[in-house]
file final_19.cif (mmCIF, C-alpha atoms)
data_my_file
#
loop_
_atom_site.label_atom_id
_atom_site.label_comp_id
_atom_site.auth_asym_id
_atom_site.auth_seq_id
_atom_site.Cartn_x
_atom_site.Cartn_y
_atom_site.Cartn_z
CA MET A 1 -8.05 2.90 -14.51
CA VAL A 2 -9.06 4.79 -11.40
CA LEU A 3 -6.68 5.41 -8.54
CA ILE A 4 -8.05 6.37 -5.17
CA SER A 5 -5.14 7.68 -3.20
CA GLU A 6 -3.29 10.45 -1.49
CA SER A 7 -5.83 11.71 0.99
CA PRO A 8 -4.62 14.73 2.95
CA THR A 9 -7.34 14.07 5.53
CA ILE A 10 -9.88 11.30 5.82
CA ASN A 11 -12.84 13.68 6.26
CA SER A 12 -12.14 16.26 3.56
CA SER A 13 -14.29 16.77 0.46
CA PHE A 14 -13.97 14.69 -2.70
CA SER A 15 -11.90 15.92 -5.64
CA GLU A 16 -10.46 14.29 -8.77
CA SER A 17 -7.43 14.65 -11.04
CA ILE A 18 -4.60 12.81 -12.83
CA LYS A 19 -3.37 12.10 -16.32
CA GLU A 20 -4.62 8.52 -16.81
CA GLY A 21 -8.08 8.13 -15.34
CA ASN A 22 -8.94 9.66 -12.01
CA VAL A 23 -7.11 9.95 -8.73
CA ARG A 24 -9.33 10.78 -5.83
CA ASN A 25 -7.29 13.07 -3.65
CA SER A 26 -9.56 13.24 -0.64
CA PHE A 27 -12.30 11.27 1.04
CA SER A 28 -15.83 11.69 2.27
CA THR A 29 -16.57 10.04 5.61
CA GLN A 30 -17.83 6.83 3.97
CA GLN A 31 -14.96 6.42 1.53
CA PRO A 32 -12.45 4.96 4.04
CA LEU A 33 -14.96 2.24 4.90
CA LYS A 34 -15.54 1.46 1.23
CA LEU A 35 -11.79 1.45 0.63
CA ILE A 36 -11.25 -1.01 3.49
CA GLY A 37 -13.96 -3.19 1.95
CA SER A 38 -12.17 -3.08 -1.41
CA ILE A 39 -8.83 -3.88 0.24
CA THR A 40 -10.51 -6.83 1.96
CA HIS A 41 -11.79 -8.02 -1.44
CA LEU A 42 -8.23 -7.88 -2.78
CA MET A 43 -6.95 -9.75 0.28
CA ILE A 44 -9.50 -12.53 -0.22
CA SER A 45 -8.40 -12.81 -3.86
CA SER A 46 -4.71 -13.18 -2.93
CA PRO A 47 -3.46 -16.60 -1.72
CA LEU A 48 -1.05 -14.94 0.74
CA HIS A 49 -3.29 -12.16 2.01
CA ARG A 50 -6.39 -14.30 2.50
CA LYS A 51 -4.54 -15.94 5.40
CA TYR A 52 -4.22 -12.63 7.27
CA LYS A 53 -6.22 -12.23 10.46
CA ILE A 54 -8.85 -9.49 10.61
CA ALA A 55 -6.60 -7.48 12.98
CA SER A 56 -4.12 -7.21 10.12
CA ILE A 57 -6.36 -4.66 8.43
CA SER A 58 -5.92 -2.15 11.25
CA GLU A 59 -2.22 -2.98 11.67
CA ARG A 60 -1.02 -3.31 8.07
CA PHE A 61 -3.35 -1.11 6.03
CA VAL A 62 -5.06 1.61 8.10
CA PRO A 63 -1.81 3.41 9.10
CA SER A 64 -0.99 3.97 5.43
CA LEU A 65 -4.47 5.44 4.88
CA ILE A 66 -3.98 7.79 7.83
CA HIS A 67 -0.53 8.86 6.59
CA ASN A 68 -1.60 9.02 2.94
CA GLN A 69 1.08 6.51 1.93
CA PHE A 70 -0.84 4.26 -0.42
CA ARG A 71 -2.26 3.76 -3.90
CA TYR A 72 -5.47 1.88 -4.62
CA TYR A 73 -6.35 0.86 -8.16
CA GLU A 74 -9.63 0.05 -9.89
CA ILE A 75 -10.69 -0.74 -13.44
CA ASP A 76 -14.36 -0.24 -14.31
CA GLY A 77 -15.17 0.06 -10.61
CA ASN A 78 -13.49 -3.24 -9.74
CA PRO A 79 -10.51 -3.35 -7.34
CA ILE A 80 -7.32 -4.56 -9.03
CA GLY A 81 -4.54 -3.53 -6.65
CA PHE A 82 -3.30 -1.84 -3.54
CA VAL A 83 0.17 -0.85 -2.40
CA ASN A 84 1.34 1.06 0.64
CA TRP A 85 4.71 2.37 1.71
CA ALA A 86 6.57 3.42 4.83
CA TRP A 87 9.66 5.54 5.37
CA LEU A 88 11.47 3.65 8.13
CA THR A 89 14.27 4.74 10.40
CA ASP A 90 17.32 2.48 10.55
CA GLU A 91 16.20 1.16 13.97
CA VAL A 92 12.69 0.29 12.81
CA GLU A 93 14.04 -1.21 9.59
CA GLU A 94 16.17 -3.64 11.62
CA LYS A 95 13.06 -4.88 13.44
CA PHE A 96 11.03 -5.01 10.23
CA LEU A 97 13.71 -7.07 8.44
CA LYS A 98 12.88 -10.02 10.67
CA GLY A 99 9.56 -10.32 8.84
CA LYS A 100 7.17 -10.53 11.79
CA TYR A 101 7.36 -6.98 13.16
CA VAL A 102 4.15 -4.91 12.96
CA LEU A 103 4.84 -1.22 12.32
CA GLN A 104 3.35 1.17 14.83
CA LEU A 105 1.45 4.22 13.55
CA ASP A 106 4.32 6.62 14.31
CA GLU A 107 6.88 4.36 12.60
CA TRP A 108 5.45 4.71 9.08
CA GLN A 109 7.21 8.06 8.64
CA GLY A 110 10.41 9.73 9.71
CA GLY A 111 13.13 7.62 8.15
CA ASN A 112 15.01 7.42 4.87
CA ASN A 113 14.40 3.73 4.15
CA LEU A 114 11.50 3.21 1.74
CA TRP A 115 9.57 -0.03 2.24
CA PHE A 116 6.46 -1.49 0.65
CA PRO A 117 4.80 -3.42 3.50
CA GLU A 118 1.82 -4.49 1.38
CA PHE A 119 1.55 -4.98 -2.35
CA ILE A 120 -1.60 -6.73 -3.54
CA ALA A 121 -2.23 -7.32 -7.23
CA PRO A 122 -4.06 -10.65 -7.39
CA PHE A 123 -5.37 -10.20 -10.94
CA GLY A 124 -2.07 -9.70 -12.76
CA HIS A 125 -1.65 -5.91 -12.64
CA ALA A 126 1.62 -5.76 -10.69
CA ARG A 127 3.62 -4.28 -13.59
CA LEU A 128 1.01 -1.56 -14.12
CA ILE A 129 1.20 -0.64 -10.43
CA ILE A 130 5.01 -0.62 -10.42
CA LYS A 131 5.01 1.60 -13.51
CA ASP A 132 2.63 4.04 -11.80
CA LEU A 133 4.80 4.18 -8.67
CA ARG A 134 7.94 4.78 -10.74
CA ASN A 135 6.37 7.41 -13.00
CA ASN A 136 4.07 9.27 -10.62
CA ILE A 137 5.07 8.80 -6.98
CA PHE A 138 8.76 8.28 -6.31
CA PRO A 139 11.68 10.19 -7.85
CA LYS A 140 13.78 8.27 -10.37
CA GLY A 141 16.46 6.21 -8.67
CA THR A 142 14.70 5.97 -5.29
CA PRO A 143 15.76 2.68 -3.64
CA ALA A 144 13.04 0.66 -1.93
CA LYS A 145 12.55 -2.76 -0.36
CA SER A 146 9.78 -5.23 0.26
CA LEU A 147 9.59 -8.57 1.99
CA LYS A 148 8.86 -11.67 -0.05
CA ILE A 149 6.75 -13.92 2.15
CA ASN A 150 6.28 -17.68 1.80
CA PRO A 151 2.72 -19.08 1.69
CA ASP A 152 3.16 -20.22 5.31
CA GLY A 153 3.90 -16.62 6.38
CA THR A 154 7.65 -17.02 6.90
CA LEU A 155 10.19 -14.67 5.37
CA LYS A 156 11.47 -15.89 2.00
CA SER A 157 13.67 -12.99 0.92
CA ILE A 158 14.06 -9.23 0.69
CA TYR A 159 13.24 -7.72 -2.67
CA ARG A 160 15.11 -4.54 -3.64
CA TRP A 161 13.45 -2.04 -5.98
CA THR A 162 14.63 1.10 -7.74
CA ALA A 163 12.24 3.74 -9.00
#
call {"tool": "encode", "arguments": {"input": "final_19.cif", "output": "structure tokens"}}
result
Amino acid sequence: MVLISESPTINSSFSESIKEGNVRNSFSTQQPLKLIGSITHLMISSPLHRKYKIASISERFVPSLIHNQFRYYEIDGNPIGFVNWAWLTDEVEEKFLKGKYVLQLDEWQGGNNLWFPEFIAPFGHARLIIKDLRNNIFPKGTPAKSLKINPDGTLKSIYRWTA
């Protein structure tokens, strides 16, 4: 499994490291475009995400790339998953809880409330991704939340996680 994630800057040189497979810790200029293409492939493969409008890519995915708050997963060069996270303030969390609020670039950081705005694993690798997040990204016991969305785009429920 290859993870492409945690880019300090979009235009820095390419480097690799991690226990299982490779994590690419920085990007060449072309890599963000390829990553967005891979995210789009995952979106098309997901019944919920394929309904997103094209503007959703810049609103719901690009901020996490800029802030380095994401993990992207591949197996044998094929995309299998993507997850991003935001640290919301209490005020932003209240807006986000309604299910239709689009986070602004400066709202992805600065709070103590961990949220997973997007979690795409259309090929059955959700448990693998959750295990990676618990073991390699967030300290044990970290509480987090995500929105469970109905196929029609309405809010179904709030899912609570613990790392």
call {"tool": "closest_atom_pairs", "arguments": {"input": "final_19.cif", "of": "segment 52-103 of chain A", "to": "segment 115-122 of chain A", "cutoff": "7 Å", "atoms": "all atoms listed in the file", "output": "JSON lines"}}
result
{"residue": "A:Ile80", "atom": "CA", "partner": "A:Ala121", "partner_atom": "CA", "distance": 6.1}
{"residue": "A:Gly81", "atom": "CA", "partner": "A:Ala121", "partner_atom": "CA", "distance": 4.5}
{"residue": "A:Phe82", "atom": "CA", "partner": "A:Ile120", "partner_atom": "CA", "distance": 5.2}
{"residue": "A:Val83", "atom": "CA", "partner": "A:Phe119", "partner_atom": "CA", "distance": 4.4}
{"residue": "A:Asn84", "atom": "CA", "partner": "A:Glu118", "partner_atom": "CA", "distance": 5.6}
{"residue": "A:Trp85", "atom": "CA", "partner": "A:Phe116", "partner_atom": "CA", "distance": 4.4}
{"residue": "A:Ala86", "atom": "CA", "partner": "A:Trp115", "partner_atom": "CA", "distance": 5.3}
{"residue": "A:Trp87", "atom": "CA", "partner": "A:Trp115", "partner_atom": "CA", "distance": 6.4}
call {"tool": "residues_near_point", "arguments": {"input": "final_19.cif", "point": "(10.5, 6.1, 3.6)", "cutoff": "6 Å", "atoms": "all atoms listed in the file", "output": "PyMOL selection string"}}
result
chain A and resi 86-88+111-114
call {"tool": "closest_residue", "arguments": {"input": "final_19.cif", "among": "A:Leu33, A:Pro79, A:Pro151, A:Phe61", "to": "Ser45 of chain A", "atoms": "only C-alpha atoms"}}
result
A:Pro79
call {"tool": "atom_distance", "arguments": {"input": "final_19.cif", "atom1": "atom CA of Ile149 of chain A", "atom2": "atom CA of Gly124 of chain A"}}
result
17.8 Å
call {"tool": "closest_residue", "arguments": {"input": "final_19.cif", "among": "A:Lys53, A:Lys34, A:His125, A:Arg60", "to": "Glu107 of chain A", "atoms": "all atoms listed in the file"}}
result
A:Arg60
call {"tool": "closest_residue", "arguments": {"input": "final_19.cif", "among": "A:Gly99, A:Asp132, A:Pro139, A:Phe123", "to": "Leu155 of chain A", "atoms": "only C-alpha atoms"}}
result
A:Gly99
call {"tool": "closest_residue", "arguments": {"input": "final_19.cif", "among": "A:His41, A:Arg160, A:Lys100, A:Lys95", "to": "Glu74 of chain A", "atoms": "all atoms listed in the file"}}
result
A:His41
call {"tool": "atom_distance", "arguments": {"input": "final_19.cif", "atom1": "atom CA of Val92 of chain A", "atom2": "atom CA of Gln109 of chain A"}}
result
10.4 Å
call {"tool": "atom_distance", "arguments": {"input": "final_19.cif", "atom1": "atom CA of Gly153 of chain A", "atom2": "atom CA of Lys131 of chain A"}}
result
27.0 Å
call {"tool": "closest_residue", "arguments": {"input": "final_19.cif", "among": "A:Tyr52, A:Asp76, A:Lys145, A:Trp108", "to": "Thr89 of chain A", "atoms": "all atoms listed in the file"}}
result
A:Trp108
call {"tool": "resolve_selection", "arguments": {"input": "final_19.cif", "expression": "the PyMOL selection byres ((chain A and resi 148) around 6)", "output": "CSV table (one decimal) with C-alpha atoms, in the coordinates of the input"}}
result
chain,number,residue,atom,x,y,z
A,147,LEU,CA,9.6,-8.6,2.0
A,149,ILE,CA,6.8,-13.9,2.2
A,156,LYS,CA,11.5,-15.9,2.0
A,157,SER,CA,13.7,-13.0,0.9
A,158,ILE,CA,14.1,-9.2,0.7
call {"tool": "closest_residue", "arguments": {"input": "final_19.cif", "among": "A:Thr40, A:Gln30, A:Thr142, A:Asn78", "to": "Ala55 of chain A", "atoms": "all atoms listed in the file"}}
result
A:Thr40
call {"tool": "residues_around", "arguments": {"input": "final_19.cif", "residues": "Leu105 of chain A", "least_positions_apart": "5", "cutoff": "9 Å", "atoms": "all atoms listed in the file", "output": "short mmCIF file (atom, residue, chain, number, x, y, z; two decimals) with C-alpha atoms, in the frame of the given file"}}
result
data_model
loop_
_atom_site.label_atom_id
_atom_site.label_comp_id
_atom_site.auth_asym_id
_atom_site.auth_seq_id
_atom_site.Cartn_x
_atom_site.Cartn_y
_atom_site.Cartn_z
CA GLU A 59 -2.22 -2.98 11.67
CA VAL A 62 -5.06 1.61 8.10
CA PRO A 63 -1.81 3.41 9.10
CA SER A 64 -0.99 3.97 5.43
CA ILE A 66 -3.98 7.79 7.83
CA HIS A 67 -0.53 8.86 6.59
#
